[in-house]
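**Student:** The following file, start.tsv, comprises TSV, C-alpha atoms (C1' of nucleotides):
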chain	number	residue	atom	x	y	z
A	261	MET	CA	75.77	51.22	112.63
A	262	ALA	CA	78.60	53.72	112.82
A	263	LEU	CA	80.39	52.89	109.60
A	264	GLY	CA	79.73	51.62	106.11
A	265	GLY	CA	76.37	53.25	105.41
A	266	PRO	CA	72.92	51.95	106.36
A	267	PRO	CA	72.71	48.27	107.29
A	268	GLN	CA	70.89	46.15	104.74
A	269	THR	CA	69.84	42.54	104.54
A	270	GLY	CA	70.38	41.48	100.97
A	271	GLN	CA	67.68	43.61	99.34
A	272	SER	CA	67.36	47.30	100.05
A	273	LEU	CA	65.50	48.40	103.15
A	274	LEU	CA	65.66	52.05	102.23
A	275	PHE	CA	61.88	52.21	102.21
A	276	LEU	CA	61.94	51.70	105.98
A	277	THR	CA	63.98	54.76	106.91
A	278	ASP	CA	62.52	57.21	109.40
A	279	GLU	CA	62.26	59.78	106.64
A	280	GLN	CA	60.26	57.44	104.41
A	281	LEU	CA	58.02	56.59	107.33
A	282	ARG	CA	57.46	60.26	108.08
A	283	LYS	CA	56.38	60.80	104.49
A	284	GLY	CA	53.97	57.91	104.83
A	285	ILE	CA	52.54	59.39	108.01
A	286	GLU	CA	51.97	62.76	106.38
A	287	ALA	CA	50.52	61.10	103.29
A	288	MET	CA	47.91	59.48	105.54
A	289	PHE	CA	47.14	62.78	107.20
A	290	PHE	CA	46.75	64.84	104.03
A	291	ALA	CA	45.01	62.11	102.06
A	292	TYR	CA	42.45	61.50	104.78
A	293	ARG	CA	41.49	65.14	104.51
A	294	GLY	CA	40.86	64.73	100.80
A	295	PHE	CA	39.07	61.47	101.45
A	296	THR	CA	36.46	63.15	103.67
A	297	ALA	CA	36.31	66.55	101.98
A	298	ASP	CA	33.59	65.85	99.41
A	299	PRO	CA	31.12	64.03	101.67
A	300	ASP	CA	31.73	66.65	104.36
A	301	ARG	CA	30.50	69.37	102.04
A	302	ILE	CA	27.33	67.49	101.21
A	303	LEU	CA	26.70	66.63	104.84
A	304	ALA	CA	27.17	70.21	105.98
A	305	GLU	CA	24.46	71.37	103.58
A	306	LYS	CA	22.00	68.97	105.16
A	307	GLY	CA	22.96	69.60	108.75
A	308	TYR	CA	24.70	66.29	109.28
A	309	GLY	CA	28.25	65.38	110.23
A	310	ARG	CA	30.79	62.69	109.62
A	311	ALA	CA	29.29	60.54	112.34
A	312	HIS	CA	26.03	60.39	110.40
A	313	HIS	CA	27.92	59.43	107.27
A	314	ARG	CA	29.63	56.53	109.01
A	315	ALA	CA	26.37	55.20	110.37
A	316	ILE	CA	24.69	55.50	106.98
A	317	HIS	CA	27.59	53.81	105.23
A	318	PHE	CA	27.67	50.75	107.43
A	319	ILE	CA	23.91	50.37	107.56
A	320	HIS	CA	23.96	50.45	103.78
A	321	ARG	CA	26.72	47.87	103.66
A	322	SER	CA	25.01	45.54	106.10
A	323	PRO	CA	21.25	46.03	105.97
A	324	ARG	CA	19.38	44.81	109.05
A	325	THR	CA	22.55	45.15	111.12
A	326	THR	CA	22.01	45.52	114.85
A	327	VAL	CA	22.91	48.43	117.08
A	328	ASN	CA	25.48	46.29	118.87
A	329	ASN	CA	27.19	45.32	115.65
A	330	LEU	CA	27.37	48.94	114.57
A	331	LEU	CA	28.86	49.84	117.94
A	332	GLY	CA	31.64	47.33	117.35
A	333	ILE	CA	32.39	48.58	113.87
A	334	LEU	CA	32.34	52.25	114.74
A	335	GLY	CA	34.10	51.92	118.07
A	336	VAL	CA	32.07	54.53	119.89
A	337	THR	CA	29.80	54.43	122.92
A	338	LYS	CA	26.14	53.62	122.59
A	339	GLN	CA	25.27	57.09	123.84
A	340	SER	CA	27.27	58.64	121.05
A	341	LEU	CA	25.85	56.36	118.39
A	342	ASN	CA	22.35	56.75	119.73
A	343	ARG	CA	22.46	60.51	119.34
A	344	VAL	CA	23.21	60.02	115.65
A	345	LEU	CA	20.74	57.21	115.08
A	346	ARG	CA	17.98	59.14	116.82
A	347	THR	CA	18.22	62.00	114.37
A	348	LEU	CA	18.51	59.69	111.36
A	349	ILE	CA	15.42	57.77	112.44
A	350	ALA	CA	13.51	60.96	113.30
A	351	ASP	CA	14.40	62.39	109.88
A	352	GLY	CA	13.18	59.24	108.19
A	353	LEU	CA	16.51	58.11	106.76
A	354	VAL	CA	16.87	54.98	108.87
A	355	GLN	CA	14.29	52.48	109.93
A	356	SER	CA	14.60	50.52	113.16
A	357	THR	CA	12.68	47.27	113.43
A	358	VAL	CA	12.39	44.87	116.33
A	359	GLY	CA	14.33	41.65	115.85
A	360	THR	CA	12.42	38.53	114.87
A	361	GLN	CA	14.71	35.95	116.46
A	362	ASP	CA	15.73	38.09	119.40
A	363	LYS	CA	13.20	40.78	120.14
A	364	ARG	CA	15.72	42.76	122.20
A	365	GLU	CA	17.64	43.60	119.07
A	366	ARG	CA	16.86	46.42	116.65
A	367	HIS	CA	17.61	45.89	112.99
A	368	LEU	CA	18.66	49.01	111.15
A	369	THR	CA	17.86	49.64	107.50
A	370	LEU	CA	18.04	52.65	105.22
A	371	THR	CA	14.73	54.02	103.99
A	372	ASP	CA	14.40	55.23	100.42
A	373	ALA	CA	15.38	58.71	101.55
A	374	GLY	CA	18.34	57.23	103.41
A	375	SER	CA	19.44	55.32	100.35
A	376	THR	CA	19.24	58.48	98.31
A	377	LEU	CA	21.57	60.32	100.66
A	378	GLU	CA	23.86	57.32	100.88
A	379	LYS	CA	24.15	57.25	97.14
A	380	GLU	CA	24.94	60.92	96.97
A	381	LEU	CA	27.64	60.61	99.61
A	382	SER	CA	29.24	57.45	98.31
A	383	THR	CA	29.21	58.70	94.74
A	384	ALA	CA	31.16	61.77	95.76
A	385	GLN	CA	33.62	59.73	97.76
A	386	ARG	CA	34.00	57.04	95.12
A	387	ASP	CA	34.58	59.60	92.40
A	388	ARG	CA	37.65	60.85	94.18
A	389	MET	CA	38.81	57.35	94.99
A	390	ARG	CA	38.30	56.27	91.39
A	391	ASP	CA	40.32	59.18	90.05
A	392	ALA	CA	43.12	58.37	92.47
A	393	TYR	CA	43.00	54.68	91.55
A	394	ARG	CA	43.01	55.41	87.86
A	395	GLU	CA	45.92	57.80	88.19
A	396	ALA	CA	47.96	55.38	90.28
A	397	GLY	CA	47.11	52.19	88.40
A	398	PRO	CA	46.07	48.66	89.43
A	399	GLU	CA	49.38	47.62	90.96
A	400	ALA	CA	49.53	50.71	93.11
A	401	VAL	CA	45.99	50.01	94.27
A	402	ALA	CA	46.96	46.52	95.38
A	403	GLY	CA	49.85	47.99	97.35
A	404	PHE	CA	47.62	50.67	98.82
A	405	ARG	CA	45.18	48.06	100.07
A	406	ALA	CA	47.94	45.81	101.40
A	407	VAL	CA	49.57	48.53	103.48
A	408	LEU	CA	46.28	49.83	104.86
A	409	GLU	CA	45.21	46.34	105.81
A	410	ALA	CA	48.48	45.76	107.64
A	411	MET	CA	47.99	49.02	109.51
A	412	MET	CA	44.62	48.04	111.00
A	413	ASP	CA	44.08	46.70	114.49
A	414	GLU	CA	43.28	43.00	114.59
A	415	GLU	CA	39.68	43.59	115.50
A	416	MET	CA	39.12	46.09	112.73
A	417	ARG	CA	40.70	43.78	110.20
A	418	ARG	CA	37.99	41.25	111.01
A	419	TYR	CA	35.23	43.77	110.38
A	420	TYR	CA	36.99	44.78	107.19
A	421	GLN	CA	37.23	41.26	105.84
A	422	VAL	CA	33.73	40.23	106.76
A	423	LEU	CA	32.36	40.86	103.31
A	424	GLU	CA	35.49	39.71	101.49
A	425	GLU	CA	34.72	37.57	98.51
B	253	MET	CA	26.14	47.52	79.98
B	254	ALA	CA	23.33	45.00	79.76
B	255	LEU	CA	25.14	42.20	77.96
B	256	GLY	CA	28.58	40.75	77.57
B	257	GLY	CA	29.96	41.45	81.05
B	258	PRO	CA	31.68	44.61	82.29
B	259	PRO	CA	33.07	46.96	79.64
B	260	GLN	CA	36.85	47.02	79.45
B	261	THR	CA	39.40	49.02	77.52
B	262	GLY	CA	42.17	46.65	76.60
B	263	GLN	CA	43.56	45.96	80.05
B	264	SER	CA	41.30	45.05	82.93
B	265	LEU	CA	39.51	47.81	84.79
B	266	LEU	CA	38.12	45.48	87.39
B	267	PHE	CA	39.96	47.40	90.09
B	268	LEU	CA	37.64	50.35	89.44
B	269	THR	CA	34.36	48.62	90.24
B	270	ASP	CA	32.12	50.15	92.87
B	271	GLU	CA	32.76	47.16	95.08
B	272	GLN	CA	36.52	47.60	94.87
B	273	LEU	CA	36.13	51.29	95.59
B	274	ARG	CA	33.98	50.53	98.62
B	275	LYS	CA	36.69	48.26	99.97
B	276	GLY	CA	39.20	51.04	99.49
B	277	ILE	CA	36.96	53.47	101.34
B	278	GLU	CA	36.57	51.13	104.27
B	279	ALA	CA	40.28	50.36	104.25
B	280	MET	CA	40.96	54.07	104.69
B	281	PHE	CA	38.46	54.28	107.53
B	282	PHE	CA	39.72	51.28	109.48
B	283	ALA	CA	43.39	51.94	108.80
B	284	TYR	CA	43.16	55.54	109.93
B	285	ARG	CA	41.91	54.28	113.26
B	286	GLY	CA	44.98	52.10	113.63
B	287	PHE	CA	47.15	54.92	112.43
B	288	THR	CA	46.09	57.20	115.29
B	289	ALA	CA	45.52	54.58	117.99
B	290	ASP	CA	49.02	54.44	119.48
B	291	PRO	CA	49.70	58.19	119.69
B	292	ASP	CA	46.17	58.70	121.03
B	293	ARG	CA	46.95	56.48	124.00
B	294	ILE	CA	50.13	58.36	124.83
B	295	LEU	CA	48.43	61.72	124.40
B	296	ALA	CA	45.53	60.76	126.66
B	297	GLU	CA	47.94	59.96	129.48
B	298	LYS	CA	49.40	63.43	129.30
B	299	GLY	CA	46.14	65.30	128.88
B	300	TYR	CA	46.64	66.20	125.26
B	301	GLY	CA	44.65	65.41	122.14
B	302	ARG	CA	45.16	64.79	118.46
B	303	ALA	CA	45.24	68.49	117.74
B	304	HIS	CA	48.30	68.86	119.96
B	305	HIS	CA	49.95	65.97	118.16
B	306	ARG	CA	49.44	67.57	114.78
B	307	ALA	CA	50.91	70.89	115.92
B	308	ILE	CA	53.90	69.15	117.48
B	309	HIS	CA	54.47	67.05	114.40
B	310	PHE	CA	54.58	69.93	111.96
B	311	ILE	CA	56.61	72.19	114.23
B	312	HIS	CA	59.11	69.35	114.48
B	313	ARG	CA	59.14	68.89	110.74
B	314	SER	CA	59.60	72.60	110.02
B	315	PRO	CA	61.34	74.27	112.93
B	316	ARG	CA	60.84	78.05	113.12
B	317	THR	CA	57.67	77.75	111.09
B	318	THR	CA	55.21	80.60	111.48
B	319	VAL	CA	51.69	80.52	112.86
B	320	ASN	CA	50.30	81.40	109.46
B	321	ASN	CA	52.13	78.55	107.78
B	322	LEU	CA	50.85	76.13	110.38
B	323	LEU	CA	47.32	77.42	109.83
B	324	GLY	CA	47.64	76.58	106.15
B	325	ILE	CA	48.94	73.09	106.77
B	326	LEU	CA	46.41	72.18	109.44
B	327	GLY	CA	43.44	73.84	107.81
B	328	VAL	CA	41.84	75.15	110.99
B	329	THR	CA	41.02	78.62	112.25
B	330	LYS	CA	43.58	80.64	114.14
B	331	GLN	CA	41.37	80.58	117.23
B	332	SER	CA	41.37	76.80	117.18
B	333	LEU	CA	45.11	76.56	116.62
B	334	ASN	CA	45.82	79.23	119.19
B	335	ARG	CA	44.05	77.31	121.90
B	336	VAL	CA	46.36	74.38	121.28
B	337	LEU	CA	49.53	76.46	120.92
B	338	ARG	CA	48.75	78.37	124.08
B	339	THR	CA	48.76	75.23	126.18
B	340	LEU	CA	51.86	73.85	124.48
B	341	ILE	CA	53.73	77.11	125.11
B	342	ALA	CA	52.45	77.37	128.68
B	343	ASP	CA	53.53	73.79	129.33
B	344	GLY	CA	56.98	74.54	127.96
B	345	LEU	CA	56.83	72.21	124.95
B	346	VAL	CA	56.88	74.90	122.28
B	347	GLN	CA	58.80	78.14	122.13
B	348	SER	CA	57.48	81.19	120.28
B	349	THR	CA	60.01	83.79	119.17
B	350	VAL	CA	59.45	87.07	117.40
B	351	GLY	CA	60.52	87.06	113.75
B	352	THR	CA	63.80	88.67	112.82
B	353	GLN	CA	62.94	89.74	109.27
B	354	ASP	CA	59.29	90.42	109.93
B	355	LYS	CA	58.66	91.16	113.58
B	356	ARG	CA	54.94	90.49	113.19
B	357	GLU	CA	55.62	86.81	112.73
B	358	ARG	CA	56.18	84.29	115.52
B	359	HIS	CA	58.54	81.43	114.84
B	360	LEU	CA	57.58	78.18	116.56
B	361	THR	CA	60.12	75.66	117.78
B	362	LEU	CA	59.99	72.61	120.01
B	363	THR	CA	61.78	72.87	123.35
B	364	ASP	CA	63.74	69.89	124.67
B	365	ALA	CA	60.63	68.73	126.50
B	366	GLY	CA	58.64	69.17	123.31
B	367	SER	CA	61.16	67.16	121.33
B	368	THR	CA	60.99	64.40	123.92
B	369	LEU	CA	57.23	64.11	123.53
B	370	GLU	CA	57.49	64.36	119.75
B	371	LYS	CA	59.93	61.48	119.73
B	372	GLU	CA	57.69	59.37	121.90
B	373	LEU	CA	54.68	59.99	119.68
B	374	SER	CA	56.44	59.55	116.36
B	375	THR	CA	58.22	56.43	117.51
B	376	ALA	CA	54.91	54.82	118.37
B	377	GLN	CA	53.37	55.85	115.08
B	378	ARG	CA	56.39	54.89	113.01
B	379	ASP	CA	56.59	51.49	114.65
B	380	ARG	CA	53.16	50.63	113.37
B	381	MET	CA	53.87	52.10	109.97
B	382	ARG	CA	57.15	50.22	109.75
B	383	ASP	CA	55.51	46.92	110.59
B	384	ALA	CA	52.87	47.55	107.94
B	385	TYR	CA	55.48	48.54	105.38
B	386	ARG	CA	57.61	45.51	106.14
B	387	GLU	CA	54.64	43.18	105.88
B	388	ALA	CA	53.48	44.66	102.61
B	389	GLY	CA	56.87	45.12	100.96
B	390	PRO	CA	58.54	47.94	99.03
B	391	GLU	CA	56.39	47.74	95.92
B	392	ALA	CA	53.21	47.91	97.95
B	393	VAL	CA	54.59	50.94	99.77
B	394	ALA	CA	55.20	52.73	96.49
B	395	GLY	CA	51.61	52.02	95.48
B	396	PHE	CA	50.32	53.11	98.88
B	397	ARG	CA	52.08	56.44	98.54
B	398	ALA	CA	50.98	56.92	94.94
B	399	VAL	CA	47.29	56.41	95.70
B	400	LEU	CA	47.35	58.61	98.79
B	401	GLU	CA	49.08	61.36	96.91
B	402	ALA	CA	46.50	61.23	94.15
B	403	MET	CA	43.76	61.45	96.75
B	404	MET	CA	44.95	64.75	98.25
B	405	ASP	CA	43.58	68.16	97.42
B	406	GLU	CA	45.87	70.24	95.25
B	407	GLU	CA	46.77	72.57	98.07
B	408	MET	CA	47.61	69.76	100.45
B	409	ARG	CA	49.78	68.09	97.85
B	410	ARG	CA	51.92	71.18	97.77
B	411	TYR	CA	52.44	71.09	101.52
B	412	TYR	CA	53.17	67.40	101.27
B	413	GLN	CA	55.81	67.79	98.62
B	414	VAL	CA	57.53	70.78	100.20
B	415	LEU	CA	60.22	68.69	101.81
B	416	GLU	CA	60.49	66.21	98.96
B	417	GLU	CA	64.06	65.28	98.15
C	91	DG	C1'	53.71	110.82	107.67
C	92	DA	C1'	49.23	108.99	107.37
C	93	DT	C1'	46.82	105.17	105.84
C	94	DT	C1'	46.16	100.64	104.85
C	95	DA	C1'	47.30	95.77	105.11
C	96	DC	C1'	48.99	91.89	107.58
C	97	DA	C1'	50.31	88.63	111.57
C	98	DT	C1'	49.00	87.47	115.74
C	99	DG	C1'	46.38	87.03	120.11
C	100	DT	C1'	42.15	87.02	122.58
C	101	DC	C1'	37.18	87.12	124.26
C	102	DA	C1'	32.65	85.18	123.76
C	103	DA	C1'	29.40	82.03	122.22
C	104	DC	C1'	28.21	78.01	119.91
C	105	DA	C1'	28.18	73.10	117.69
C	106	DA	C1'	29.64	68.31	116.68
C	107	DA	C1'	30.91	64.28	118.55
C	108	DG	C1'	33.33	61.92	121.68
C	109	DC	C1'	33.28	60.40	126.93
C	110	DT	C1'	31.51	58.54	131.93
C	111	DG	C1'	27.96	57.26	135.07
C	112	DA	C1'	23.41	56.08	136.25
C	113	DC	C1'	18.96	54.26	135.46
C	114	DG	C1'	14.84	52.00	133.08
C	115	DT	C1'	12.58	48.49	130.16
C	116	DA	C1'	12.02	44.56	127.59
C	117	DT	C1'	13.56	40.10	126.47
C	118	DA	C1'	16.62	35.84	126.93
C	119	DT	C1'	18.83	32.60	129.42
C	120	DC	C1'	20.11	29.82	133.33
D	177	DG	C1'	12.97	33.62	139.87
D	178	DA	C1'	17.41	35.57	139.24
D	179	DT	C1'	20.65	37.21	136.16
D	180	DA	C1'	22.42	38.75	131.81
D	181	DT	C1'	21.82	41.18	127.50
D	182	DA	C1'	20.16	44.78	124.07
D	183	DC	C1'	18.72	49.06	123.81
D	184	DG	C1'	17.29	53.85	125.05
D	185	DT	C1'	17.86	57.94	127.68
D	186	DC	C1'	19.15	61.74	131.05
D	187	DA	C1'	22.80	64.59	132.75
D	188	DG	C1'	27.16	66.53	132.58
D	189	DC	C1'	31.79	67.02	130.85
D	190	DT	C1'	35.80	67.39	127.22
D	191	DT	C1'	38.10	68.27	122.86
D	192	DT	C1'	38.20	70.55	118.86
D	193	DG	C1'	36.16	72.71	115.45
D	194	DT	C1'	33.30	77.16	114.07
D	195	DT	C1'	31.90	82.61	113.63
D	196	DG	C1'	32.28	87.33	114.88
D	197	DA	C1'	34.43	91.13	117.01
D	198	DC	C1'	38.22	93.65	118.61
D	199	DA	C1'	43.25	94.98	120.00
D	200	DT	C1'	48.19	95.41	119.16
D	201	DG	C1'	52.21	95.77	116.78
D	202	DT	C1'	54.62	95.92	112.42
D	203	DA	C1'	55.13	96.43	107.30
D	204	DA	C1'	54.09	98.43	103.16
D	205	DT	C1'	52.18	101.99	100.40
D	206	DC	C1'	50.46	106.41	98.84
What is this file in structure tokens?

**Tutor:**
Amino acid sequence: MALGGPPQTGQSLLFLTDEQLRKGIEAMFFAYRGFTADPDRILAEKGYGRAHHRAIHFIHRSPRTTVNNLLGILGVTKQSLNRVLRTLIADGLVQSTVGTQDKRERHLTLTDAGSTLEKELSTAQRDRMRDAYREAGPEAVAGFRAVLEAMMDEEMRRYYQVLEE
Amino acid sequence: MALGGPPQTGQSLLFLTDEQLRKGIEAMFFAYRGFTADPDRILAEKGYGRAHHRAIHFIHRSPRTTVNNLLGILGVTKQSLNRVLRTLIADGLVQSTVGTQDKRERHLTLTDAGSTLEKELSTAQRDRMRDAYREAGPEAVAGFRAVLEAMMDEEMRRYYQVLEE
DNA sequence: GATTACATGTCAACAAAGCTGACGTATATC
DNA sequence: GATATACGTCAGCTTTGTTGACATGTAATC
């Protein structure tokens, strides 16, 4: 390690230097801000926050999902989720129906109003994502997805792949 | 749009479908959780939060940076940043020195104790990033960086590229 | 030299969204 | 009948963001 430059194993490992990793870390930080910026603006207008967005997104993705399932995906306490769900239900964006198989469960679904907001939020977020994808190109997108997937915790990767084709 | 399958322009644009974009959005969400998980654990032990981590990170990256500069990078109010800086300075992790050119400015630097914590945090975060990079490979990493960069706001991209080689 | 602008710190009050702990109710399961 | 599970809720606390107001010291400008 003292002489002869950086150690390498056949092909270059320069992309694993601390400096490259630091750039990756900052890229995540700055990009995540851009990623949430547009929905945040829309949410603020309507008196909602990012937590509402997350609930709405995953209810949209998995209609009739249960509270417990949502808790697993979001990784928050039921008290925290409940505060969000309560307002969404009270405002008529989410409908909660008693389970048919298991009557202890509540199935969550977006109402028409909820779907409208979901569409507005996801359109804004997708527009930015689409522009970034288009600018970077299909190969970059594949790499983007591969790295992000490798960065997830095991448990999250399962939730992520649930709807994989 | 009604007949003949999805419209394409020469090369395939299948990577821009709403479904692909949704996967990208969820990848960002789940990966960001993994990205912050390890530092969060270390911080919790020491009674700090993510806001402290961010301040420490950028002071480490740009020693003798000013409060104003940090405000721009972090995008929070000075009251919010000050609360964090105050505890870091009181705990002896950050040193604040009056500017030499402009005595209104305060230059922020990590103390030895601050550098020790920074190292602990960044090592944990880099370890995960390195594993992800290694698993995905150099080409994927280039794509990862390209997409993230395209996703940033203009202003953030400038901060990101400041230290570019 | 007086005025204005800027960099910073601070007080107060508030909000979003996370947390723990405790308790209640309905339903399933053993 | 006892126990476990799914959900809801009350209370209280923490972190981290916000706005608004005000003070101090320094720089820049007229």

**Student:** Go through A:Thr325, A:Ser340, A:Ser356, A:Ser382 one by one, measure the shortest atom-to-atom distance of each to Lys275 of chain B using only C-alpha atoms, and give the residue with the smallest value.

**Tutor:**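 Going through A:Thr325, A:Ser340, A:Ser356, A:Ser382 one by one, the smallest distance to Lys275 of chain B is for A:Ser382.
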
**Student:** Based on all atoms listed in the file, which of the residues in chain B come within 12 Å of chain D? I want them as a PyMOL selection string.

**Tutor:** chain B and resi 296+299-304+326-336+350-357

**Student:** If I take atom CA of Val319 of chain B and atom CA of Arg358 of chain B, how far is one from the other in Å, to one decimal?

**Tutor:**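 So the two atoms, atom CA of Val319 of chain B and atom CA of Arg358 of chain B, lie 6.4 Å apart.
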
**Student:** Quick check, in Å to one decimal: how far apart do atom CA of Phe396 of chain B and atom CA of Leu408 of chain A lie?

**Tutor:**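 Between these atoms lies a distance of 7.9 Å.
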
**Student:** Please report, as CSV, each residue of chain C lying at most 10 Å from chain B, together with the nearest pair of atoms and the separation in Å rounded to one decimal; use only C-alpha atoms (C1' of nucleotides), and order rows by chain and ascending residue number.

**Tutor:**
residue,atom,partner,partner_atom,distance
C:DC96,C1',B:Arg356,CA,8.3
C:DA97,C1',B:Arg356,CA,5.2
C:DT98,C1',B:Arg356,CA,7.1
C:DG99,C1',B:Asn334,CA,7.9
C:DT100,C1',B:Gln331,CA,8.4

**Student:** Using only C-alpha atoms and a distance of at most 9 Å, pull out the residues of chain B that contact chain A, as a tab-separated table (two decimals) with C-alpha atoms, in the frame of the given file.

**Tutor:**
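Saved result, iface-v4.tsv, follows:
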chain	number	residue	atom	x	y	z
B	264	SER	CA	41.30	45.05	82.93
B	265	LEU	CA	39.51	47.81	84.79
B	266	LEU	CA	38.12	45.48	87.39
B	267	PHE	CA	39.96	47.40	90.09
B	268	LEU	CA	37.64	50.35	89.44
B	269	THR	CA	34.36	48.62	90.24
B	270	ASP	CA	32.12	50.15	92.87
B	273	LEU	CA	36.13	51.29	95.59
B	274	ARG	CA	33.98	50.53	98.62
B	275	LYS	CA	36.69	48.26	99.97
B	276	GLY	CA	39.20	51.04	99.49
B	277	ILE	CA	36.96	53.47	101.34
B	278	GLU	CA	36.57	51.13	104.27
B	279	ALA	CA	40.28	50.36	104.25
B	280	MET	CA	40.96	54.07	104.69
B	281	PHE	CA	38.46	54.28	107.53
B	282	PHE	CA	39.72	51.28	109.48
B	283	ALA	CA	43.39	51.94	108.80
B	284	TYR	CA	43.16	55.54	109.93
B	285	ARG	CA	41.91	54.28	113.26
B	286	GLY	CA	44.98	52.10	113.63
B	287	PHE	CA	47.15	54.92	112.43
B	289	ALA	CA	45.52	54.58	117.99
B	325	ILE	CA	48.94	73.09	106.77
B	374	SER	CA	56.44	59.55	116.36
B	377	GLN	CA	53.37	55.85	115.08
B	378	ARG	CA	56.39	54.89	113.01
B	380	ARG	CA	53.16	50.63	113.37
B	381	MET	CA	53.87	52.10	109.97
B	382	ARG	CA	57.15	50.22	109.75
B	383	ASP	CA	55.51	46.92	110.59
B	384	ALA	CA	52.87	47.55	107.94
B	385	TYR	CA	55.48	48.54	105.38
B	386	ARG	CA	57.61	45.51	106.14
B	387	GLU	CA	54.64	43.18	105.88
B	388	ALA	CA	53.48	44.66	102.61
B	389	GLY	CA	56.87	45.12	100.96
B	390	PRO	CA	58.54	47.94	99.03
B	391	GLU	CA	56.39	47.74	95.92
B	392	ALA	CA	53.21	47.91	97.95
B	393	VAL	CA	54.59	50.94	99.77
B	394	ALA	CA	55.20	52.73	96.49
B	395	GLY	CA	51.61	52.02	95.48
B	396	PHE	CA	50.32	53.11	98.88
B	397	ARG	CA	52.08	56.44	98.54
B	398	ALA	CA	50.98	56.92	94.94
B	399	VAL	CA	47.29	56.41	95.70
B	400	LEU	CA	47.35	58.61	98.79
B	401	GLU	CA	49.08	61.36	96.91
B	402	ALA	CA	46.50	61.23	94.15
B	403	MET	CA	43.76	61.45	96.75
B	404	MET	CA	44.95	64.75	98.25
B	405	ASP	CA	43.58	68.16	97.42
B	408	MET	CA	47.61	69.76	100.45
B	409	ARG	CA	49.78	68.09	97.85
B	411	TYR	CA	52.44	71.09	101.52
B	412	TYR	CA	53.17	67.40	101.27
B	416	GLU	CA	60.49	66.21	98.96

**Student:** Can you pull out every residue within 8 Å of Thr369 of chain A, counting all atoms listed in the file, but drop anything in the same chain fewer than 4 positions away, and send it as a PyMOL selection string?

**Tutor:** chain A and resi 319-320+323-325+354-356
